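Asker: See upload20.txt below, with compact mmCIF, C-alpha atoms.
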```txt
# COMPACT_ATOMS: atom_id res chain seq x y z
CA MET A 1 -57.90 -32.27 36.72
CA THR A 2 -61.00 -30.55 38.03
CA GLY A 3 -64.01 -29.94 35.81
CA PRO A 4 -66.78 -32.08 34.32
CA ARG A 5 -66.04 -35.72 33.59
CA ILE A 6 -68.09 -36.65 30.54
CA LEU A 7 -69.06 -40.25 29.83
CA ILE A 8 -70.13 -40.96 26.25
CA SER A 9 -72.58 -43.78 25.63
CA GLY A 10 -72.94 -45.11 22.08
CA ASN A 11 -72.91 -48.01 19.64
CA PHE A 12 -69.25 -47.70 18.71
CA HIS A 13 -67.50 -49.09 15.67
CA TRP A 14 -64.18 -47.56 14.71
CA GLN A 15 -65.38 -47.25 11.10
CA ALA A 16 -68.40 -45.19 12.18
CA GLY A 17 -68.15 -41.43 11.79
CA PHE A 18 -69.24 -40.53 15.30
CA SER A 19 -66.50 -42.71 16.82
CA HIS A 20 -63.98 -40.35 15.25
CA THR A 21 -66.03 -37.40 16.45
CA VAL A 22 -65.74 -38.70 20.01
CA ALA A 23 -61.99 -39.12 19.44
CA GLY A 24 -61.96 -35.40 18.62
CA TYR A 25 -63.73 -34.70 21.92
CA VAL A 26 -61.19 -36.78 23.83
CA ARG A 27 -58.25 -34.90 22.32
CA ALA A 28 -59.89 -31.52 22.91
CA ALA A 29 -61.07 -32.21 26.46
CA ARG A 30 -58.17 -30.70 28.37
CA GLU A 31 -58.32 -27.44 26.41
CA ALA A 32 -62.10 -27.34 26.95
CA GLY A 33 -61.68 -27.79 30.71
CA CYS A 34 -63.10 -31.30 31.08
CA GLU A 35 -62.36 -35.00 30.63
CA VAL A 36 -64.06 -37.36 28.15
CA ARG A 37 -64.23 -41.15 28.19
CA VAL A 38 -66.42 -43.84 26.65
CA SER A 39 -68.76 -45.55 29.10
CA GLY A 40 -68.10 -49.30 29.00
CA PRO A 41 -71.30 -50.32 30.86
CA LEU A 42 -73.51 -48.10 28.66
CA SER A 43 -71.98 -48.77 25.23
CA ARG A 44 -71.62 -51.41 22.57
CA MET A 45 -68.30 -51.57 20.77
CA ASN A 46 -66.13 -53.76 18.61
CA ASP A 47 -62.66 -54.83 19.69
CA GLN A 48 -60.97 -51.96 17.82
CA VAL A 49 -62.58 -49.19 19.85
CA PRO A 50 -60.56 -49.63 23.10
CA ARG A 51 -57.38 -49.30 21.03
CA HIS A 52 -58.34 -45.78 20.03
CA LEU A 53 -60.63 -44.42 22.76
CA PRO A 54 -60.40 -44.45 26.57
CA VAL A 55 -63.07 -46.84 27.88
CA GLU A 56 -64.19 -46.24 31.47
CA PRO A 57 -65.62 -49.30 33.28
CA ASN A 58 -66.91 -47.35 36.28
CA LEU A 59 -70.04 -45.18 36.01
CA ASP A 60 -69.08 -43.40 39.23
CA TRP A 61 -66.14 -41.81 37.39
CA GLY A 62 -68.48 -39.63 35.35
CA THR A 63 -70.27 -36.49 36.42
CA HIS A 64 -72.22 -36.05 33.16
CA LEU A 65 -73.61 -38.47 30.55
CA VAL A 66 -74.03 -37.94 26.80
CA VAL A 67 -75.88 -40.69 24.93
CA MET A 68 -75.28 -40.72 21.17
CA PHE A 69 -77.52 -42.43 18.62
CA GLU A 70 -77.12 -43.10 14.93
CA ALA A 71 -79.18 -45.84 13.28
CA ARG A 72 -79.66 -48.29 16.11
CA GLN A 73 -81.41 -48.41 19.48
CA PHE A 74 -78.59 -50.12 21.32
CA LEU A 75 -79.47 -49.71 25.02
CA THR A 76 -81.14 -52.53 26.97
CA PRO A 77 -83.83 -51.69 29.58
CA GLU A 78 -81.23 -52.40 32.27
CA GLN A 79 -78.78 -49.95 30.69
CA ILE A 80 -81.46 -47.29 30.46
CA GLU A 81 -82.02 -47.63 34.19
CA LEU A 82 -78.29 -47.33 34.80
CA ALA A 83 -78.20 -44.17 32.71
CA ARG A 84 -81.00 -42.70 34.79
CA THR A 85 -78.78 -42.83 37.89
CA PHE A 86 -77.22 -39.62 36.52
CA PRO A 87 -79.28 -36.55 37.49
CA LEU A 88 -81.62 -35.46 34.68
CA SER A 89 -79.83 -32.12 34.41
CA ARG A 90 -76.61 -34.00 33.65
CA ARG A 91 -77.95 -36.23 30.87
CA LEU A 92 -78.10 -35.31 27.17
CA VAL A 93 -79.06 -37.16 24.01
CA VAL A 94 -77.21 -36.44 20.74
CA ASP A 95 -79.40 -37.46 17.80
CA PHE A 96 -77.14 -37.73 14.75
CA ASP A 97 -79.83 -39.10 12.41
CA LEU A 98 -82.80 -36.94 13.51
CA HIS A 99 -84.86 -39.77 14.96
CA TRP A 100 -86.55 -37.37 17.37
CA ALA A 101 -89.88 -36.06 16.03
CA ASP A 102 -89.91 -37.64 12.61
CA GLU A 103 -91.79 -34.94 10.72
CA GLN A 104 -90.41 -35.34 7.20
CA PRO A 105 -92.97 -37.56 5.39
CA GLU A 106 -91.91 -36.03 2.07
CA LEU A 107 -88.60 -37.87 2.42
CA GLY A 108 -90.42 -41.16 1.95
CA ALA A 109 -88.31 -44.25 2.53
CA ASP A 110 -85.33 -42.13 3.60
CA GLY A 111 -87.09 -40.92 6.73
CA THR A 112 -85.61 -40.64 10.20
CA ALA A 113 -87.20 -43.52 12.11
CA GLY A 114 -85.34 -46.31 10.34
CA LYS A 115 -86.52 -49.80 11.21
CA TYR A 116 -87.93 -48.51 14.50
CA THR A 117 -91.11 -46.48 14.84
CA ALA A 118 -90.94 -42.76 15.42
CA GLU A 119 -92.86 -43.28 18.64
CA SER A 120 -90.27 -45.78 19.90
CA TRP A 121 -87.51 -43.20 19.35
CA ARG A 122 -89.49 -40.54 21.22
CA THR A 123 -90.13 -42.92 24.10
CA LEU A 124 -86.45 -43.89 24.30
CA TYR A 125 -85.13 -40.34 24.17
CA SER A 126 -87.69 -39.10 26.71
CA ALA A 127 -86.56 -41.80 29.14
CA LEU A 128 -82.98 -40.55 28.90
CA SER A 129 -83.17 -36.75 28.78
CA ASP A 130 -85.48 -33.78 28.44
CA LEU A 131 -83.22 -32.26 25.77
CA VAL A 132 -82.23 -33.73 22.40
CA LEU A 133 -79.36 -32.20 20.40
CA GLN A 134 -79.31 -32.41 16.60
CA PRO A 135 -76.76 -31.23 13.98
CA ARG A 136 -79.55 -29.79 11.83
CA ILE A 137 -79.01 -26.37 10.28
CA ALA A 138 -82.05 -26.01 7.97
CA ASN A 139 -85.72 -25.55 8.80
CA SER A 140 -87.14 -25.28 12.32
CA MET A 141 -86.09 -27.57 15.13
CA PRO A 142 -88.71 -30.00 16.47
CA PRO A 143 -90.03 -29.31 19.99
CA GLY A 144 -87.65 -30.58 22.63
CA ALA A 145 -84.61 -30.38 20.36
CA GLU A 146 -81.85 -27.81 20.00
CA TYR A 147 -79.14 -27.31 17.42
CA PHE A 148 -75.66 -28.58 18.24
CA GLN A 149 -72.98 -28.74 15.52
CA CYS A 150 -71.60 -32.06 16.90
CA TYR A 151 -68.68 -32.27 14.45
CA GLY A 152 -65.42 -30.41 14.21
CA MET A 153 -62.69 -29.91 11.65
CA PRO A 154 -60.11 -32.72 11.58
CA GLU A 155 -56.78 -32.02 13.25
CA THR A 156 -54.87 -32.27 9.98
CA VAL A 157 -55.99 -29.84 7.28
CA CYS A 158 -54.23 -29.80 3.90
CA HIS A 159 -54.33 -26.62 1.87
CA PRO A 160 -55.09 -27.51 -1.78
CA LEU A 161 -51.98 -25.65 -2.94
CA SER A 162 -49.78 -27.75 -0.66
CA LEU A 163 -50.86 -30.83 -2.61
CA GLY A 164 -50.58 -29.09 -5.96
CA ARG A 165 -52.43 -29.50 -9.19
CA GLU A 166 -50.98 -32.89 -10.16
CA ARG A 167 -53.12 -35.58 -8.55
CA ASP A 168 -53.83 -39.24 -9.21
CA TYR A 169 -57.45 -38.40 -10.08
CA ASP A 170 -59.35 -35.40 -11.40
CA LEU A 171 -62.62 -36.42 -9.73
CA GLN A 172 -63.28 -38.88 -6.93
CA TYR A 173 -66.10 -39.83 -4.60
CA ILE A 174 -65.44 -41.79 -1.40
CA GLY A 175 -68.51 -43.12 0.36
CA SER A 176 -71.23 -45.73 0.08
CA ASN A 177 -74.08 -45.70 -2.39
CA TRP A 178 -76.80 -44.87 0.13
CA TRP A 179 -79.42 -42.91 -1.85
CA ARG A 180 -76.55 -41.44 -3.87
CA TRP A 181 -76.76 -43.24 -7.22
CA LYS A 182 -78.59 -40.44 -9.04
CA PRO A 183 -76.41 -37.55 -7.81
CA LEU A 184 -73.20 -39.46 -8.50
CA THR A 185 -74.18 -40.52 -12.02
CA ALA A 186 -75.24 -36.95 -12.78
CA VAL A 187 -71.74 -35.75 -11.86
CA VAL A 188 -70.14 -38.57 -13.88
CA GLU A 189 -72.22 -37.69 -16.94
CA ALA A 190 -71.25 -34.03 -16.62
CA ALA A 191 -67.57 -34.92 -16.29
CA ALA A 192 -67.77 -37.19 -19.35
CA THR A 193 -68.32 -34.14 -21.57
CA LEU A 194 -64.97 -32.61 -20.60
CA ARG A 195 -61.81 -32.90 -22.65
CA PRO A 196 -59.42 -34.37 -21.89
CA THR A 197 -61.52 -37.07 -20.23
CA PRO A 198 -61.14 -36.76 -16.44
CA ARG A 199 -59.64 -39.58 -14.41
CA ILE A 200 -62.43 -40.67 -12.03
CA ARG A 201 -62.52 -43.06 -9.09
CA VAL A 202 -65.41 -44.15 -6.83
CA CYS A 203 -64.73 -45.96 -3.55
CA GLY A 204 -67.34 -47.57 -1.36
CA ARG A 205 -70.02 -50.20 -1.07
CA TRP A 206 -72.82 -50.92 -3.54
CA TRP A 207 -71.44 -48.99 -6.51
CA ASP A 208 -70.95 -52.20 -8.50
CA GLY A 209 -74.66 -52.96 -8.75
CA THR A 210 -74.96 -55.15 -5.68
CA THR A 211 -77.45 -54.02 -3.03
CA CYS A 212 -77.74 -54.19 0.74
CA PRO A 213 -80.35 -56.86 1.69
CA GLY A 214 -83.42 -55.17 3.09
CA PHE A 215 -82.31 -51.76 1.80
CA GLU A 216 -82.51 -52.32 -1.94
CA ASP A 217 -84.10 -48.93 -2.64
CA ALA A 218 -81.35 -47.08 -0.78
CA THR A 219 -78.52 -48.94 -2.52
CA THR A 220 -79.94 -49.34 -6.00
CA GLY A 221 -77.66 -48.96 -9.02
CA VAL A 222 -77.03 -50.29 -12.51
CA PRO A 223 -74.53 -53.16 -12.61
CA GLY A 224 -71.49 -52.27 -14.69
CA TRP A 225 -72.65 -48.70 -15.46
CA LEU A 226 -69.61 -47.04 -13.89
CA ALA A 227 -67.05 -49.54 -15.20
CA GLU A 228 -68.44 -49.19 -18.73
CA ARG A 229 -67.64 -45.48 -18.56
CA GLY A 230 -64.06 -46.02 -17.50
CA ILE A 231 -64.67 -45.22 -13.83
CA GLU A 232 -62.34 -46.99 -11.40
CA VAL A 233 -64.57 -48.66 -8.79
CA CYS A 234 -62.83 -49.64 -5.54
CA PRO A 235 -63.80 -51.08 -2.13
CA PRO A 236 -64.40 -48.80 0.85
CA VAL A 237 -61.41 -46.83 2.11
CA PRO A 238 -60.38 -47.67 5.70
CA PHE A 239 -61.71 -44.88 7.86
CA GLY A 240 -58.36 -43.63 9.04
CA ARG A 241 -57.30 -43.18 5.41
CA VAL A 242 -60.37 -41.32 4.08
CA ILE A 243 -58.97 -37.79 4.25
CA ALA A 244 -55.61 -38.74 2.73
CA GLU A 245 -57.30 -40.71 -0.05
CA MET A 246 -59.60 -37.76 -0.81
CA GLY A 247 -56.52 -35.62 -1.23
CA ARG A 248 -55.41 -37.77 -4.16
CA SER A 249 -58.10 -36.13 -6.29
CA LEU A 250 -58.35 -32.58 -7.57
CA ILE A 251 -62.13 -32.49 -6.97
CA SER A 252 -64.34 -34.36 -4.49
CA PRO A 253 -68.10 -33.85 -4.91
CA VAL A 254 -70.21 -33.51 -1.78
CA LEU A 255 -73.25 -35.73 -2.38
CA VAL A 256 -76.05 -36.00 0.17
CA ARG A 257 -79.00 -38.33 0.72
CA PRO A 258 -82.59 -37.00 0.79
CA LEU A 259 -82.74 -36.89 4.59
CA VAL A 260 -79.60 -34.75 4.73
CA ALA A 261 -80.74 -32.45 1.95
CA GLY A 262 -84.26 -32.04 3.34
CA THR A 263 -83.18 -31.16 6.87
CA GLY A 264 -79.78 -29.53 6.48
CA LEU A 265 -78.15 -32.31 8.47
CA LEU A 266 -74.42 -31.96 9.07
CA THR A 267 -72.21 -35.02 8.56
CA PRO A 268 -68.50 -35.68 9.24
CA ARG A 269 -67.80 -36.02 5.51
CA MET A 270 -68.60 -32.32 4.95
CA PHE A 271 -65.63 -31.40 7.12
CA GLU A 272 -63.36 -34.25 6.01
CA THR A 273 -63.77 -33.28 2.35
CA LEU A 274 -62.88 -29.67 3.10
CA ALA A 275 -59.86 -30.72 5.17
CA SER A 276 -58.50 -33.12 2.53
CA GLY A 277 -57.06 -30.53 0.17
CA SER A 278 -59.38 -31.64 -2.61
CA LEU A 279 -61.76 -29.01 -4.01
CA PRO A 280 -65.24 -29.79 -2.63
CA ALA A 281 -67.89 -29.49 -5.35
CA LEU A 282 -71.37 -29.09 -3.88
CA SER A 283 -74.28 -30.75 -5.64
CA ALA A 284 -77.60 -28.87 -5.75
CA ASP A 285 -78.89 -30.86 -2.76
CA ALA A 286 -75.85 -29.83 -0.71
CA GLU A 287 -76.11 -26.09 -1.31
CA PHE A 288 -77.44 -25.61 2.23
CA LEU A 289 -73.78 -25.95 3.29
CA ALA A 290 -73.35 -22.30 2.37
CA VAL A 291 -74.50 -21.66 5.96
CA VAL A 292 -71.35 -23.44 7.16
CA TYR A 293 -68.84 -22.81 4.36
CA GLY A 294 -69.81 -19.15 3.95
CA ASP A 295 -70.50 -16.93 0.96
CA GLU A 296 -67.36 -17.95 -0.91
CA CYS A 297 -68.71 -21.45 -1.39
CA GLU A 298 -70.73 -20.05 -4.33
CA HIS A 299 -67.60 -20.76 -6.37
CA LEU A 300 -67.90 -24.46 -5.45
CA LEU A 301 -71.57 -24.99 -6.34
CA LEU A 302 -72.10 -27.33 -9.28
CA GLY A 303 -75.27 -25.39 -10.09
CA ALA A 304 -77.43 -25.81 -13.17
CA ASN A 305 -74.47 -26.63 -15.43
CA PRO A 306 -72.18 -29.04 -13.54
CA ALA A 307 -69.93 -29.63 -16.57
CA THR A 308 -69.09 -25.93 -16.77
CA THR A 309 -68.36 -25.78 -13.04
CA LEU A 310 -66.12 -28.86 -13.13
CA ALA A 311 -64.19 -27.44 -16.08
CA ARG A 312 -63.73 -24.14 -14.24
CA LEU A 313 -62.47 -25.87 -11.07
CA ILE A 314 -59.92 -27.83 -13.09
CA THR A 315 -58.65 -25.06 -15.35
CA ASP A 316 -58.60 -22.37 -12.66
CA PHE A 317 -57.41 -24.60 -9.85
CA GLU A 318 -55.13 -22.09 -8.14
CA ARG A 319 -57.84 -19.48 -7.66
CA HIS A 320 -60.30 -22.01 -6.28
CA ALA A 321 -57.59 -23.48 -4.06
CA GLN A 322 -57.23 -20.06 -2.43
CA VAL A 323 -61.00 -19.94 -1.89
CA VAL A 324 -60.96 -23.34 -0.21
CA GLY A 325 -57.97 -22.33 1.90
CA ARG A 326 -59.84 -19.30 3.26
CA ILE A 327 -62.86 -21.47 4.09
CA GLN A 328 -60.57 -23.95 5.85
CA ASP A 329 -59.02 -21.19 7.95
CA ARG A 330 -62.41 -19.93 9.12
CA LEU A 331 -63.80 -23.36 9.95
CA ARG A 332 -60.67 -24.34 11.86
CA VAL A 333 -61.68 -21.58 14.28
CA GLU A 334 -65.47 -21.88 14.22
CA TYR A 335 -65.48 -25.69 14.27
CA ALA A 336 -62.38 -26.38 16.34
CA TYR A 337 -63.07 -29.37 18.58
CA PRO A 338 -62.36 -27.51 21.86
CA ARG A 339 -64.98 -24.97 20.83
CA VAL A 340 -67.44 -27.71 19.83
CA LEU A 341 -66.93 -29.42 23.18
CA ARG A 342 -67.39 -26.20 25.15
CA ASN A 343 -70.66 -25.66 23.27
CA LEU A 344 -71.74 -29.14 24.32
CA LEU A 345 -70.92 -28.44 27.96
CA ALA A 346 -72.99 -25.26 27.83
CA PHE A 347 -76.17 -27.32 27.40
CA PHE A 348 -75.68 -28.71 30.89
CA GLY A 349 -75.99 -25.21 32.30
```
Mind converting the file's structure to structure tokens?

Answerer:
Amino acid sequence: MTGPRILISGNFHWQAGFSHTVAGYVRAAREAGCEVRVSGPLSRMNDQVPRHLPVEPNLDWGTHLVVMFEARQFLTPEQIELARTFPLSRRLVVDFDLHWADEQPELGADGTAGKYTAESWRTLYSALSDLVLQPRIANSMPPGAEYFQCYGMPETVCHPLSLGRERDYDLQYIGSNWWRWKPLTAVVEAAATLRPTPRIRVCGRWWDGTTCPGFEDATTGVPGWLAERGIEVCPPVPFGRVIAEMGRSLISPVLVRPLVAGTGLLTPRMFETLASGSLPALSADAEFLAVVYGDECEHLLLGANPATTLARLITDFERHAQVVGRIQDRLRVEYAYPRVLRNLLAFFG
């Protein structure tokens, strides 16, 4: 086909959220009038990635280059030089974790630079492109950056009514304990006041009191606290099963880390939760999502009295299911992957 041929450069692991985002781009490419492949010479990947994504060994195949960064600076100096063989006007950086212009000192340890300095991120990005794209919907954008939504709605969207009221769990959170111990335990304590006692499950790493070496502050928790309260604690859910497993619960809280809350950073989980057919309950730190979910999400805000909100979502499930269904319908249009990809192409001019 004619049209742009987009090469994506990244540090790919099939469990990583942006790998599935790129899979959405690949599926949407024809409808968006382009082709999308992963650049083999400019990427790192585990052995699962080529099973799911088209890997292109030849840089000459591509007409445009998009370099995507999450936590790690993965490009070698030699790879950076290879990337610079693409004209500057045909190179973009997508900054999922807001490493560009780290200007959030109030976030403390959960800042954007990670183990690298903010200056090293600026130097790296400047060597690759003169435009950085960020999925940041709150506050002003840093100089040299522009908003790009990055993520789309999953292909499969389950209406809450199609799954019905009878679920395996009343409340469930799927995701790692990465600065989320306090918001999760607040929801658990609110749910504990309800009668009958809700069936609750938590899936992910570091909820059992173990911590990630070198990131103890981010993964802190109280050993046994959840189990003592009757919470089922399970290992991480394989990525391809996350949405289906979310749908096993009537309610799935949307919990965000300080960086996400302080900057209005979009994440794949915000769309996966909505698509799962579970009722998304937004913690106070996630209320910025009203910009995406729309005015009706006021019915899903946990607010100042989370116990009351949880009880209302459970007892009046059908009404709230209709609310979620309307939000799903709107986001399937506004965040359809062909539309997201066309918006990306527009940055090339």

Asker: With a distance cut-off of 7 Å and all atoms listed in the file, select the neighbouring residues of segment 183-187 of chain A, excluding the residue or stretch itself and same-chain residues fewer than 4 positions from it, and output the selection as a list in words.

Answerer: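 Selected residues are Ala191, Leu255 and Pro306 of chain A.
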
Asker: Let me make sure I understand: among A:Tyr173, A:Tyr337, A:Val157, A:Glu318, which one has the smallest atom-to-atom distance to Leu274 of chain A if we use only C-alpha atoms?

Answerer: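 Among the listed residues, A:Val157 lies closest to Leu274 of chain A.
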
Asker: Which of these residues is nearest to Ala83 of chain A, using all atoms listed in the file: A:His20, A:His64, A:Arg205, A:Arg269?

Answerer: A:His64

Asker: With only C-alpha atoms as the counted atoms, please give the residues lying no more than 12 Å from Asp60 of chain A, apart from itself and same-chain residues fewer than 6 positions off, as a list of chain:residue names.

Answerer: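 Neighbouring residues, sequence-local ones excluded: A:Arg5, A:Ile6, A:Leu7, A:Ser39, A:Gly40, A:Pro41, A:Leu82, A:Ala83, A:Thr85, A:Phe86.
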
Asker: Quick one: 3 Å padding each side, axis-aligned, all listed atoms of segment 315-324 of chain A - centre and edge lengths in Å to one decimal, as lines of an AutoDock Vina configuration file?

Answerer:
```
center_x = -58.1
center_y = -22.3
center_z = -7.8
size_x = 11.9
size_y = 11.6
size_z = 21.1
```

Asker: With a distance cut-off of 6 Å and all atoms listed in the file, select the neighbouring residues of Glu70 of chain A, excluding the residue or stretch itself and same-chain residues fewer than 2 positions from it, and output the selection as a list in words.

Answerer: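 Close residues of Glu70 of chain A: Arg72, Phe96 and Asp97 of chain A.
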
Asker: What separation in Å, quoted to one decimal, exists between atom CA of Tyr293 of chain A and atom CA of Arg330 of chain A?

Answerer: 8.5 Å

Asker: Nearest to His13 of chain A: which of A:Val67, A:Cys234, A:Leu344, A:Met45 is it, counting all atoms listed in the file?

Answerer: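 So, comparing all the options, the nearest one is A:Met45.
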
Asker: What separation in Å, quoted to one decimal, exists between atom CA of Phe239 of chain A and atom CA of Ser19 of chain A?

Answerer: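 Between atom CA of Phe239 of chain A and atom CA of Ser19 of chain A the gap is 10.4 Å.
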
Asker: Hey, can you check how far atom CA of Ser43 of chain A sits from atom CA of Gln79 of chain A?

Answerer: 8.8 Å

Asker: Let me make sure I understand: among A:Ser278, A:Ser249, A:Gln328, A:Thr2, which one has the smallest atom-to-atom distance to Arg167 of chain A if we use all atoms listed in the file?

Answerer: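 Of the candidates, the smallest distance to Arg167 of chain A is held by A:Ser249.
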
Asker: Would you please take segment 118-138 of chain A of the structure in the block above and write N, CA, C and O atoms to a file as a PDB file, in the first residue's frame?

Answerer:
```
ATOM      1  N   ALA A 118      17.502  14.149  34.956  1.00  0.00           N
ATOM      2  CA  ALA A 118      16.616  14.856  34.041  1.00  0.00           C
ATOM      3  C   ALA A 118      17.391  15.397  32.851  1.00  0.00           C
ATOM      4  O   ALA A 118      16.898  15.407  31.712  1.00  0.00           O
ATOM      5  N   GLU A 119      18.612  15.855  33.103  1.00  0.00           N
ATOM      6  CA  GLU A 119      19.424  16.388  32.013  1.00  0.00           C
ATOM      7  C   GLU A 119      19.767  15.315  30.993  1.00  0.00           C
ATOM      8  O   GLU A 119      19.790  15.572  29.783  1.00  0.00           O
ATOM      9  N   SER A 120      20.006  14.077  31.460  1.00  0.00           N
ATOM     10  CA  SER A 120      20.331  13.004  30.511  1.00  0.00           C
ATOM     11  C   SER A 120      19.139  12.685  29.619  1.00  0.00           C
ATOM     12  O   SER A 120      19.309  12.364  28.434  1.00  0.00           O
ATOM     13  N   TRP A 121      17.917  12.761  30.177  1.00  0.00           N
ATOM     14  CA  TRP A 121      16.730  12.551  29.341  1.00  0.00           C
ATOM     15  C   TRP A 121      16.601  13.673  28.309  1.00  0.00           C
ATOM     16  O   TRP A 121      16.309  13.414  27.133  1.00  0.00           O
ATOM     17  N   ARG A 122      16.818  14.906  28.729  1.00  0.00           N
ATOM     18  CA  ARG A 122      16.698  16.014  27.769  1.00  0.00           C
ATOM     19  C   ARG A 122      17.726  15.888  26.652  1.00  0.00           C
ATOM     20  O   ARG A 122      17.432  16.148  25.484  1.00  0.00           O
ATOM     21  N   THR A 123      18.947  15.496  27.018  1.00  0.00           N
ATOM     22  CA  THR A 123      19.996  15.335  26.010  1.00  0.00           C
ATOM     23  C   THR A 123      19.636  14.229  25.027  1.00  0.00           C
ATOM     24  O   THR A 123      19.787  14.377  23.802  1.00  0.00           O
ATOM     25  N   LEU A 124      19.129  13.114  25.541  1.00  0.00           N
ATOM     26  CA  LEU A 124      18.752  11.986  24.687  1.00  0.00           C
ATOM     27  C   LEU A 124      17.617  12.371  23.741  1.00  0.00           C
ATOM     28  O   LEU A 124      17.704  12.141  22.519  1.00  0.00           O
ATOM     29  N   TYR A 125      16.561  12.946  24.281  1.00  0.00           N
ATOM     30  CA  TYR A 125      15.420  13.297  23.440  1.00  0.00           C
ATOM     31  C   TYR A 125      15.798  14.335  22.385  1.00  0.00           C
ATOM     32  O   TYR A 125      15.361  14.270  21.236  1.00  0.00           O
ATOM     33  N   SER A 126      16.619  15.315  22.778  1.00  0.00           N
ATOM     34  CA  SER A 126      17.023  16.363  21.837  1.00  0.00           C
ATOM     35  C   SER A 126      17.849  15.800  20.686  1.00  0.00           C
ATOM     36  O   SER A 126      17.823  16.340  19.570  1.00  0.00           O
ATOM     37  N   ALA A 127      18.585  14.716  20.948  1.00  0.00           N
ATOM     38  CA  ALA A 127      19.374  14.095  19.891  1.00  0.00           C
ATOM     39  C   ALA A 127      18.504  13.361  18.883  1.00  0.00           C
ATOM     40  O   ALA A 127      18.921  13.116  17.751  1.00  0.00           O
ATOM     41  N   LEU A 128      17.273  13.024  19.297  1.00  0.00           N
ATOM     42  CA  LEU A 128      16.403  12.213  18.453  1.00  0.00           C
ATOM     43  C   LEU A 128      15.350  13.017  17.712  1.00  0.00           C
ATOM     44  O   LEU A 128      14.957  12.664  16.599  1.00  0.00           O
ATOM     45  N   SER A 129      14.842  14.080  18.321  1.00  0.00           N
ATOM     46  CA  SER A 129      13.729  14.815  17.714  1.00  0.00           C
ATOM     47  C   SER A 129      13.655  16.211  18.307  1.00  0.00           C
ATOM     48  O   SER A 129      14.187  16.475  19.393  1.00  0.00           O
ATOM     49  N   ASP A 130      12.988  17.107  17.593  1.00  0.00           N
ATOM     50  CA  ASP A 130      12.730  18.431  18.162  1.00  0.00           C
ATOM     51  C   ASP A 130      11.308  18.537  18.695  1.00  0.00           C
ATOM     52  O   ASP A 130      10.851  19.617  19.047  1.00  0.00           O
ATOM     53  N   LEU A 131      10.607  17.391  18.774  1.00  0.00           N
ATOM     54  CA  LEU A 131       9.256  17.371  19.332  1.00  0.00           C
ATOM     55  C   LEU A 131       9.069  16.115  20.166  1.00  0.00           C
ATOM     56  O   LEU A 131       9.353  15.005  19.714  1.00  0.00           O
ATOM     57  N   VAL A 132       8.589  16.309  21.392  1.00  0.00           N
ATOM     58  CA  VAL A 132       8.323  15.213  22.325  1.00  0.00           C
ATOM     59  C   VAL A 132       6.822  15.162  22.574  1.00  0.00           C
ATOM     60  O   VAL A 132       6.196  16.183  22.861  1.00  0.00           O
ATOM     61  N   LEU A 133       6.232  13.979  22.458  1.00  0.00           N
ATOM     62  CA  LEU A 133       4.798  13.798  22.659  1.00  0.00           C
ATOM     63  C   LEU A 133       4.561  13.120  24.003  1.00  0.00           C
ATOM     64  O   LEU A 133       5.226  12.133  24.328  1.00  0.00           O
ATOM     65  N   GLN A 134       3.594  13.635  24.764  1.00  0.00           N
ATOM     66  CA  GLN A 134       3.296  13.103  26.092  1.00  0.00           C
ATOM     67  C   GLN A 134       1.793  12.925  26.274  1.00  0.00           C
ATOM     68  O   GLN A 134       1.011  13.809  25.891  1.00  0.00           O
ATOM     69  N   PRO A 135       1.353  11.820  26.892  1.00  0.00           N
ATOM     70  CA  PRO A 135      -0.077  11.618  27.183  1.00  0.00           C
ATOM     71  C   PRO A 135      -0.471  12.284  28.500  1.00  0.00           C
ATOM     72  O   PRO A 135      -0.949  11.640  29.426  1.00  0.00           O
ATOM     73  N   ARG A 136      -0.293  13.572  28.581  1.00  0.00           N
ATOM     74  CA  ARG A 136      -0.484  14.338  29.807  1.00  0.00           C
ATOM     75  C   ARG A 136      -1.633  15.310  29.615  1.00  0.00           C
ATOM     76  O   ARG A 136      -1.573  16.195  28.766  1.00  0.00           O
ATOM     77  N   ILE A 137      -2.702  15.158  30.410  1.00  0.00           N
ATOM     78  CA  ILE A 137      -3.899  15.956  30.158  1.00  0.00           C
ATOM     79  C   ILE A 137      -4.130  17.045  31.201  1.00  0.00           C
ATOM     80  O   ILE A 137      -5.076  17.813  31.086  1.00  0.00           O
ATOM     81  N   ALA A 138      -3.297  17.122  32.250  1.00  0.00           N
ATOM     82  CA  ALA A 138      -3.475  18.144  33.280  1.00  0.00           C
ATOM     83  C   ALA A 138      -2.258  19.057  33.306  1.00  0.00           C
ATOM     84  O   ALA A 138      -1.143  18.639  32.994  1.00  0.00           O
TER      85      ALA A 138
END
```
